[in-house]
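Here's the structure, in structure tokens; my notes come after.
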There are 2 protein chains.
Amino acid sequence: MQHAQKKIGIIGAGLVGTLLAIYLKKAGHTVHVFDRSDDIRTIEFSGRSINLAISTRGWKTLDDVSIGDEIRAIAIPMDKRAIHTINGELNYQKYGMKGESIYSISRGGLNRKIIDIAEERGVQFFFNQKIWDVSLEDATIYIGETEKGDWQAHTYDIIFGADGAFSRVRHRMQRQNRFNYSQNFLPIGYKELKILANADHTHKIDKNSFHIWPRGEYMLIALANEDGSFTCTLFMPFEGENSFEQIDTEEKVTAFFEKNFPDTKELIPELLKDYFSNPTSSLVTTQCYPWTYKDKVALIGDAAHAIVPFYGQGMNAGFEDITELYNQMMNWGDNWIEVFKNYQEKRKPNADAIAELSFRNFMEMSTKTADKQFHLQKKIEARFTEKYPGKWLPLYDRVTFSLNPYVDALAIGDLQKSIMDEVMLQPDIEEKWDSEEIEQLILSKL
Amino acid sequence: MQHAQKKIGIIGAGLVGTLLAIYLKKAGHTVHVFDRSDDIRTIEFSGRSINLAISTRGWKTLDDVSIGDEIRAIAIPMDKRAIHTINGELNYQKYGMKGESIYSISRGGLNRKIIDIAEERGVQFFFNQKIWDVSLEDATIYIGETEKGDWQAHTYDIIFGADGAFSRVRHRMQRQNRFNYSQNFLPIGYKELKILANADHTHKIDKNSFHIWPRGEYMLIALANEDGSFTCTLFMPFEGENSFEQIDTEEKVTAFFEKNFPDTKELIPELLKDYFSNPTSSLVTTQCYPWTYKDKVALIGDAAHAIVPFYGQGMNAGFEDITELYNQMMNWGDNWIEVFKNYQEKRKPNADAIAELSFRNFMEMSTKTADKQFHLQKKIEARFTEKYPGKWLPLYDRVTFSLNPYVDALAIGDLQKSIMDEVMLQPDIEEKWDSEEIEQLILSKL
């Protein structure tokens, strides 16, 4: 079926906007992408980013337009967590039941690569274009140097808002009647730090692990880069004991790291410089509805559903939006009313589910990964999954290594949690964790 | 203690902004109130309002500046609900355990009266002033004819945003980092209708009742005005069967009312004119935090916490904000940092509690008031309250006829609900509702 070619404007040349552009171009449309910043390929991009972890959902969207392999070539597989205890021990926890990996990649590196590919395929980019307003009814964007200065109008057939957690497009939709919206900030902030490469460009610690220093209310993580370095992220409360507010002098930072992350002393030589020159960023969950306006405007990615990073699913969820949108384009052809309606109805419950799972996962990463009971539970789940693969899949695997809808992952995860809570309360569970009795108990609950 | 006189700007000349102005004037400050609309005293105000019901919290705030009696003179006490069944029966339910009343008053009438009083006491009003932006750091408001035109700047020591559910002041605060915000619309809208007075200016139905036609998913209510008329409000879903979308022709409206509200035929002679000329309005809950910026800017009333109207507490909660703020002014004197900090910390949990209670109460009004079990439960609660007045106060009474914090009302209400759920499940409860056994059961749970 030949579809009518549309003139489509995308606001935001980030990961989701750019990959969406590739899909729309593939479908035969004219695609213009606007971004308020400089071309990321021409500037240094660092200091306030958490490395990304591409997992199964993200790969599907990349592979469906045949660019997965190019990305895999610059990504580093991580098949396990490496837990750094406060005593300097290192414990490994495999991620997937079948040895699957998630893939570390820098945001800047991935973004540059996708923009290159989009340009090769005929997408036009316009950088340094500040969009101040959007007219929903006629899909017009208003661009100007300043908010109160003169604006130029550009009218499209369709506009996508892929402009992130603080989306201008959503901002305009928010002024409609009956638009539901929430933004909720965590009391926890984050700061980027850096583990430098060895002189020979090799990695100082295992590059195929997702490194975590879990300390309860705060934690440090590190993900490998191709150049031998690691991007580290310190998550810590803004206020209170052990907070960004309290730890505000060179002496305090040094003492805090020596006490809590002793094995990082050699790894992060520029700790003080990084700590005081990199910003402390905040973490927000945004939720809204509807995501679309008639057949004119649609939100996608963080603009529709920004989530906290603790499940590593922000980008993957945004890419899955594209897969769903494209499916609906194939189902409904030129009927963009139905494309948008079905897109938002399918994706909204899944976006809410991954928001909830991501919010909950801070506790898992920062506290439970250091907990013996948690490890035992993982072992019981692994054993059961292996024996009854059709009956059980651990929540992490379902979210990360499957294409099951997030909403199912949340529901099944809650059921599995209630079963495992009961299992862990069995007397002598440490001894009989691999017994027939426990197996039967789980089976009886499913 | 003599406090430093401040120059204070209030945005919004509604009920809360104007009453706040009276309090600030009393405390010795210079007070300017700005409003984007015409002076309500010079215009017709109707067509999209629900009559207000002043209850104990509201009266306290009015009485503390000695204006309660002037308001009581133009308000109509309602000591009971009058439930109009679909069969034309009329059942009465007393509101308070001690025969207390809530007081019906029109929004316009009350607002005009409070503005008059504020002006007499030296508050200055500036109407038709469109505020487009606020600078938080130096408490400056920007006023102009149009958003993109020239603006005048007015700088104050302190600014209050009393500009309602879609507050411009909050809008500016929302752009700060780490500002939590949500707006959630109900799928239910409302429309004003009118029961006209008799020729001799008497009321067509009992003026001392809050009239309800509870029909499950939709309902009609009516509150008396001084001139013999009633302001009616039809609450109904926007979409679906029996919705504003479906009932869109004169024939459909007539048939809908004849079938569902047969006894209103004589009462609402201008039904068709009202239905098609009055707008369908939406119902929103907004929540945000923080409410204040340093010692410069504070939100109050709907600007801080808009709620749905089903507990009749929107204005009362806004007035209670003023009482709390004034208490903190008396506690902290010129230390406005502490005034604002303590004001928001005290009020926020209470605002969240009344938002939740109001949201839940649609079901109670539209469904439960027509339910036999609900009446029996009310009787059991009334009997127990009378016998053990220190041990039980029905939720409605605690919210409406007490000054107990809303947050306690919610918590105690939930506990009482769980007890009453168990009581209502007792076999033969219809027979033994007033027995020693039931009394002992309740006592055992408290």
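Just remember, in the structure tokens the first chain shown is A, the second B, etc., residues are 1-based per chain, and ligands are 1-based in the order shown.
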>> I need the contact residues of chain A against chain B, so if you could list those with any atom within 9 Å, counting only C-alpha atoms, and return them as a list in words, that would help.
In response: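 Filtering chain A at 9 Å from chain B with only C-alpha atoms gives Glu147, Lys148, Gly149, Asn177, Arg178, Phe179, Asn180, Tyr181, Ser182, Gln183, Asn184, Phe185, Leu186, Pro187, Ser282, Leu283, Val284 and Gln287 of chain A.
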> Which residues come within 10 Å of range 79-93 of chain A, counting only C-alpha atoms, excluding same-chain residues fewer than 5 positions away, as a PyMOL selection string?
Replying inline: chain A and resi 98-103+205-206+208-215+220-222+259-264+365+369-370+375+378
> What does the distance between CA of Phe384 in chain A and CA of Phe359 in chain A come to in Å, to one decimal place?
Replying inline: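 Here the two named atoms are 26.9 Å from each other.
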>> Could you list, as an NGL selection string, every residue within 9 Å of Ala317 in chain A, counting only C-alpha atoms and ignoring same-chain residues fewer than 2 positions away?
In response: :A and (57-58 or 301-302 or 305 or 313-315 or 319-322 or 350-351 or 354)
> Interatomic distance between CA of Arg360 in chain B and CA of Leu410 in chain B?
Replying inline: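 Separation of CA of Arg360 in chain B and CA of Leu410 in chain B: 10.9 Å.
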> How would you write, as a ChimeraX atom specification, the set of residues in range 181-340 of chain A that DSSP gives as strand (DSSP E)?
Replying inline: /A:181-195,209-214,219-224,230-237,281-289,292-293,297-299
Contacts of Val423 in chain B at 10 Å or less, counting only C-alpha atoms, minus same-chain residues fewer than 4 places along, as a compact mmCIF listing (two decimals) with N, CA, C and O atoms, in the first residue's frame?
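See selection.txt below for the written result:
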```
# COMPACT_ATOMS: atom_id res chain seq x y z
N GLN B 377 -25.95 2.41 58.07
CA GLN B 377 -24.62 2.66 58.64
C GLN B 377 -24.57 4.02 59.34
O GLN B 377 -24.02 4.15 60.44
N ILE B 380 -26.22 3.69 62.68
CA ILE B 380 -25.37 3.01 63.67
C ILE B 380 -24.30 3.98 64.18
O ILE B 380 -24.06 4.08 65.38
N LYS B 417 -13.99 3.49 58.82
CA LYS B 417 -14.58 2.79 57.68
C LYS B 417 -14.34 1.28 57.77
O LYS B 417 -15.23 0.46 57.54
N SER B 418 -13.12 0.90 58.16
CA SER B 418 -12.81 -0.53 58.24
C SER B 418 -13.65 -1.19 59.33
O SER B 418 -14.10 -2.33 59.18
N ILE B 419 -13.89 -0.45 60.41
CA ILE B 419 -14.75 -0.99 61.48
C ILE B 419 -16.19 -1.12 60.99
O ILE B 419 -16.83 -2.16 61.16
N PRO B 427 -24.28 -10.84 60.43
CA PRO B 427 -25.59 -11.37 60.02
C PRO B 427 -26.72 -10.62 60.73
O PRO B 427 -26.57 -10.21 61.88
N ILE B 429 -27.79 -7.67 60.50
CA ILE B 429 -27.44 -6.34 60.99
C ILE B 429 -28.67 -5.42 60.96
O ILE B 429 -28.82 -4.53 61.81
N TRP B 433 -28.96 -3.74 64.63
CA TRP B 433 -28.05 -2.61 64.46
C TRP B 433 -27.89 -1.79 65.74
O TRP B 433 -26.85 -1.19 65.97
N ILE B 438 -23.46 -5.14 68.86
CA ILE B 438 -22.81 -4.29 67.84
C ILE B 438 -21.99 -3.20 68.52
O ILE B 438 -20.86 -2.89 68.09
N GLU B 439 -22.54 -2.66 69.58
CA GLU B 439 -21.84 -1.63 70.33
C GLU B 439 -20.49 -2.17 70.85
O GLU B 439 -19.46 -1.51 70.75
N LEU B 441 -18.85 -4.71 69.67
CA LEU B 441 -17.96 -4.99 68.54
C LEU B 441 -17.18 -3.73 68.15
O LEU B 441 -15.97 -3.75 67.97
N ILE B 442 -17.91 -2.62 68.07
CA ILE B 442 -17.23 -1.36 67.71
C ILE B 442 -16.22 -0.98 68.78
O ILE B 442 -15.06 -0.65 68.47
```
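Picture a line from CA of Arg121 in chain B to CA of Lys25 in chain B; it runs 7.4 Å.
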> Which parts of range 39-131 of chain A does DSSP call alpha helix (DSSP H) when run on the backbone here, written out as a ChimeraX atom specification?
Replying inline: /A:56-63,68-72,107-120
Write the selection just made, keeping N, CA, C and O atoms, as a tab-separated table (two decimals), in the first residue's frame?
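Output (result.tsv):
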```
chain	number	residue	atom	x	y	z
A	56	THR	N	16.96	-5.42	25.21
A	56	THR	CA	16.25	-6.09	24.11
A	56	THR	C	15.27	-5.18	23.35
A	56	THR	O	15.23	-5.20	22.12
A	57	ARG	N	14.50	-4.38	24.10
A	57	ARG	CA	13.51	-3.53	23.42
A	57	ARG	C	14.19	-2.50	22.52
A	57	ARG	O	13.74	-2.21	21.41
A	58	GLY	N	15.28	-1.91	23.04
A	58	GLY	CA	16.02	-0.93	22.25
A	58	GLY	C	16.61	-1.55	21.00
A	58	GLY	O	16.54	-0.98	19.91
A	59	TRP	N	17.21	-2.73	21.16
A	59	TRP	CA	17.81	-3.39	19.99
A	59	TRP	C	16.78	-3.69	18.92
A	59	TRP	O	17.06	-3.56	17.73
A	60	LYS	N	15.59	-4.10	19.33
A	60	LYS	CA	14.57	-4.41	18.31
A	60	LYS	C	14.31	-3.19	17.43
A	60	LYS	O	14.27	-3.30	16.19
A	61	THR	N	14.15	-2.02	18.06
A	61	THR	CA	13.83	-0.81	17.28
A	61	THR	C	15.01	-0.44	16.37
A	61	THR	O	14.81	-0.02	15.23
A	62	LEU	N	16.23	-0.63	16.88
A	62	LEU	CA	17.41	-0.34	16.06
A	62	LEU	C	17.54	-1.36	14.92
A	62	LEU	O	17.80	-1.00	13.76
A	63	ASP	N	17.35	-2.64	15.25
A	63	ASP	CA	17.52	-3.69	14.23
A	63	ASP	C	16.47	-3.61	13.13
A	63	ASP	O	16.75	-3.94	11.98
A	68	GLY	N	21.23	-1.76	14.06
A	68	GLY	CA	21.70	-2.38	15.30
A	68	GLY	C	23.18	-2.74	15.24
A	68	GLY	O	23.93	-2.46	16.19
A	69	ASP	N	23.61	-3.32	14.14
A	69	ASP	CA	25.00	-3.79	14.09
A	69	ASP	C	26.00	-2.64	14.18
A	69	ASP	O	27.05	-2.76	14.82
A	70	GLU	N	25.66	-1.53	13.54
A	70	GLU	CA	26.56	-0.37	13.62
A	70	GLU	C	26.69	0.13	15.05
A	70	GLU	O	27.73	0.65	15.46
A	71	ILE	N	25.60	0.03	15.79
A	71	ILE	CA	25.61	0.48	17.19
A	71	ILE	C	26.33	-0.56	18.06
A	71	ILE	O	27.14	-0.21	18.93
A	72	ARG	N	26.05	-1.85	17.78
A	72	ARG	CA	26.71	-2.89	18.57
A	72	ARG	C	28.24	-2.75	18.50
A	72	ARG	O	28.94	-3.04	19.45
A	107	ARG	N	25.79	8.39	25.86
A	107	ARG	CA	24.67	9.08	25.20
A	107	ARG	C	25.16	9.87	24.00
A	107	ARG	O	24.58	9.80	22.91
A	108	GLY	N	26.24	10.61	24.20
A	108	GLY	CA	26.76	11.43	23.11
A	108	GLY	C	27.17	10.59	21.91
A	108	GLY	O	26.82	10.90	20.77
A	109	GLY	N	27.89	9.52	22.16
A	109	GLY	CA	28.37	8.66	21.07
A	109	GLY	C	27.22	8.07	20.27
A	109	GLY	O	27.23	8.07	19.02
A	110	LEU	N	26.21	7.57	20.98
A	110	LEU	CA	25.06	6.98	20.30
A	110	LEU	C	24.29	8.02	19.51
A	110	LEU	O	23.91	7.80	18.35
A	111	ASN	N	24.12	9.20	20.11
A	111	ASN	CA	23.34	10.24	19.44
A	111	ASN	C	24.02	10.68	18.15
A	111	ASN	O	23.38	10.82	17.10
A	112	ARG	N	25.34	10.88	18.22
A	112	ARG	CA	26.08	11.29	17.01
A	112	ARG	C	25.92	10.28	15.90
A	112	ARG	O	25.67	10.62	14.75
A	113	LYS	N	26.03	9.00	16.27
A	113	LYS	CA	25.95	7.93	15.27
A	113	LYS	C	24.58	7.91	14.60
A	113	LYS	O	24.45	7.81	13.38
A	114	ILE	N	23.53	8.04	15.41
A	114	ILE	CA	22.17	7.96	14.82
A	114	ILE	C	21.89	9.18	13.94
A	114	ILE	O	21.24	9.06	12.89
A	115	ILE	N	22.41	10.35	14.34
A	115	ILE	CA	22.21	11.54	13.49
A	115	ILE	C	22.92	11.34	12.15
A	115	ILE	O	22.36	11.64	11.08
A	116	ASP	N	24.14	10.81	12.18
A	116	ASP	CA	24.85	10.52	10.94
A	116	ASP	C	24.01	9.64	10.02
A	116	ASP	O	23.85	9.91	8.83
A	117	ILE	N	23.49	8.57	10.59
A	117	ILE	CA	22.72	7.62	9.78
A	117	ILE	C	21.45	8.28	9.24
A	117	ILE	O	21.09	8.12	8.06
A	118	ALA	N	20.78	9.07	10.08
A	118	ALA	CA	19.54	9.73	9.65
A	118	ALA	C	19.84	10.67	8.48
A	118	ALA	O	19.09	10.72	7.49
A	119	GLU	N	20.93	11.41	8.58
A	119	GLU	CA	21.29	12.34	7.50
A	119	GLU	C	21.58	11.60	6.21
A	119	GLU	O	21.12	12.00	5.14
A	120	GLU	N	22.34	10.48	6.34
A	120	GLU	CA	22.61	9.65	5.15
A	120	GLU	C	21.32	9.21	4.47
A	120	GLU	O	21.25	9.07	3.26
```
> Which residue out of B:Leu196, B:Leu24, B:Ala255, B:Met420 has the minimum interatomic distance to Phe230 in chain B when only C-alpha atoms are used?
Replying inline: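 Of B:Leu196, B:Leu24, B:Ala255, B:Met420, the one nearest Phe230 in chain B is B:Leu196, counting only C-alpha atoms.
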> Got a sec: who's within 12 Å of Val134 in chain A, counting only C-alpha atoms, leaving out chain neighbours fewer than 2 positions off, as a ChimeraX atom specification?
Replying inline: /A:9-11,130-132,136-143,151-156,158-161,167-175,293,296-298
Put those residues in a file: C-alpha atoms, as a PDB file, in the first residue's frame.
```
ATOM      1  CA  GLY A   9       8.490  18.203  11.793  1.00  0.00           C
ATOM      2  CA  ILE A  10      10.211  16.617  14.764  1.00  0.00           C
ATOM      3  CA  ILE A  11      11.157  18.783  17.744  1.00  0.00           C
ATOM      4  CA  LYS A 130      14.749  27.638  19.630  1.00  0.00           C
ATOM      5  CA  ILE A 131      11.096  26.608  19.525  1.00  0.00           C
ATOM      6  CA  TRP A 132       9.013  28.860  21.770  1.00  0.00           C
ATOM      7  CA  LEU A 136      -1.678  22.419  17.775  1.00  0.00           C
ATOM      8  CA  GLU A 137      -4.580  23.028  15.403  1.00  0.00           C
ATOM      9  CA  ASP A 138      -2.420  23.628  12.328  1.00  0.00           C
ATOM     10  CA  ALA A 139       0.830  21.911  13.401  1.00  0.00           C
ATOM     11  CA  THR A 140       2.890  25.086  13.284  1.00  0.00           C
ATOM     12  CA  ILE A 141       6.089  25.685  15.216  1.00  0.00           C
ATOM     13  CA  TYR A 142       7.357  29.129  16.199  1.00  0.00           C
ATOM     14  CA  ILE A 143      11.105  29.689  16.215  1.00  0.00           C
ATOM     15  CA  TRP A 151       9.253  34.394  15.719  1.00  0.00           C
ATOM     16  CA  GLN A 152       9.190  32.588  12.389  1.00  0.00           C
ATOM     17  CA  ALA A 153       6.339  30.153  11.749  1.00  0.00           C
ATOM     18  CA  HIS A 154       6.865  26.747  10.107  1.00  0.00           C
ATOM     19  CA  THR A 155       3.775  24.725   9.307  1.00  0.00           C
ATOM     20  CA  TYR A 156       3.831  20.939   8.903  1.00  0.00           C
ATOM     21  CA  ILE A 158       2.338  16.523  11.520  1.00  0.00           C
ATOM     22  CA  ILE A 159       4.583  17.503  14.416  1.00  0.00           C
ATOM     23  CA  PHE A 160       6.257  15.192  16.902  1.00  0.00           C
ATOM     24  CA  GLY A 161       7.410  16.450  20.290  1.00  0.00           C
ATOM     25  CA  SER A 167       9.056  19.390  26.424  1.00  0.00           C
ATOM     26  CA  ARG A 168       7.841  22.676  24.958  1.00  0.00           C
ATOM     27  CA  VAL A 169       5.337  20.805  22.827  1.00  0.00           C
ATOM     28  CA  ARG A 170       3.839  19.153  25.898  1.00  0.00           C
ATOM     29  CA  HIS A 171       3.892  22.512  27.629  1.00  0.00           C
ATOM     30  CA  ARG A 172       1.506  23.809  24.979  1.00  0.00           C
ATOM     31  CA  MET A 173      -0.681  20.680  25.178  1.00  0.00           C
ATOM     32  CA  GLN A 174      -0.818  21.181  28.953  1.00  0.00           C
ATOM     33  CA  ARG A 175      -2.719  24.416  28.481  1.00  0.00           C
ATOM     34  CA  TYR A 293      -3.727  16.080  19.374  1.00  0.00           C
ATOM     35  CA  LYS A 296      -1.578  16.823  14.079  1.00  0.00           C
ATOM     36  CA  VAL A 297       0.716  16.481  17.075  1.00  0.00           C
ATOM     37  CA  ALA A 298       2.131  13.585  19.104  1.00  0.00           C
TER      38      ALA A 298
END
```
> With only C-alpha atoms as the atoms that count, which of A:Glu338, A:Ala411, A:Asn198, A:Leu446 lies nearest to Glu356 in chain A?
Replying inline: A:Ala411
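Each of B:Pro309, B:Pro279, B:Pro290, B:Gly96 was checked against Phe340 in chain B using only C-alpha atoms; the smallest atom-to-atom distance is that of B:Pro290.
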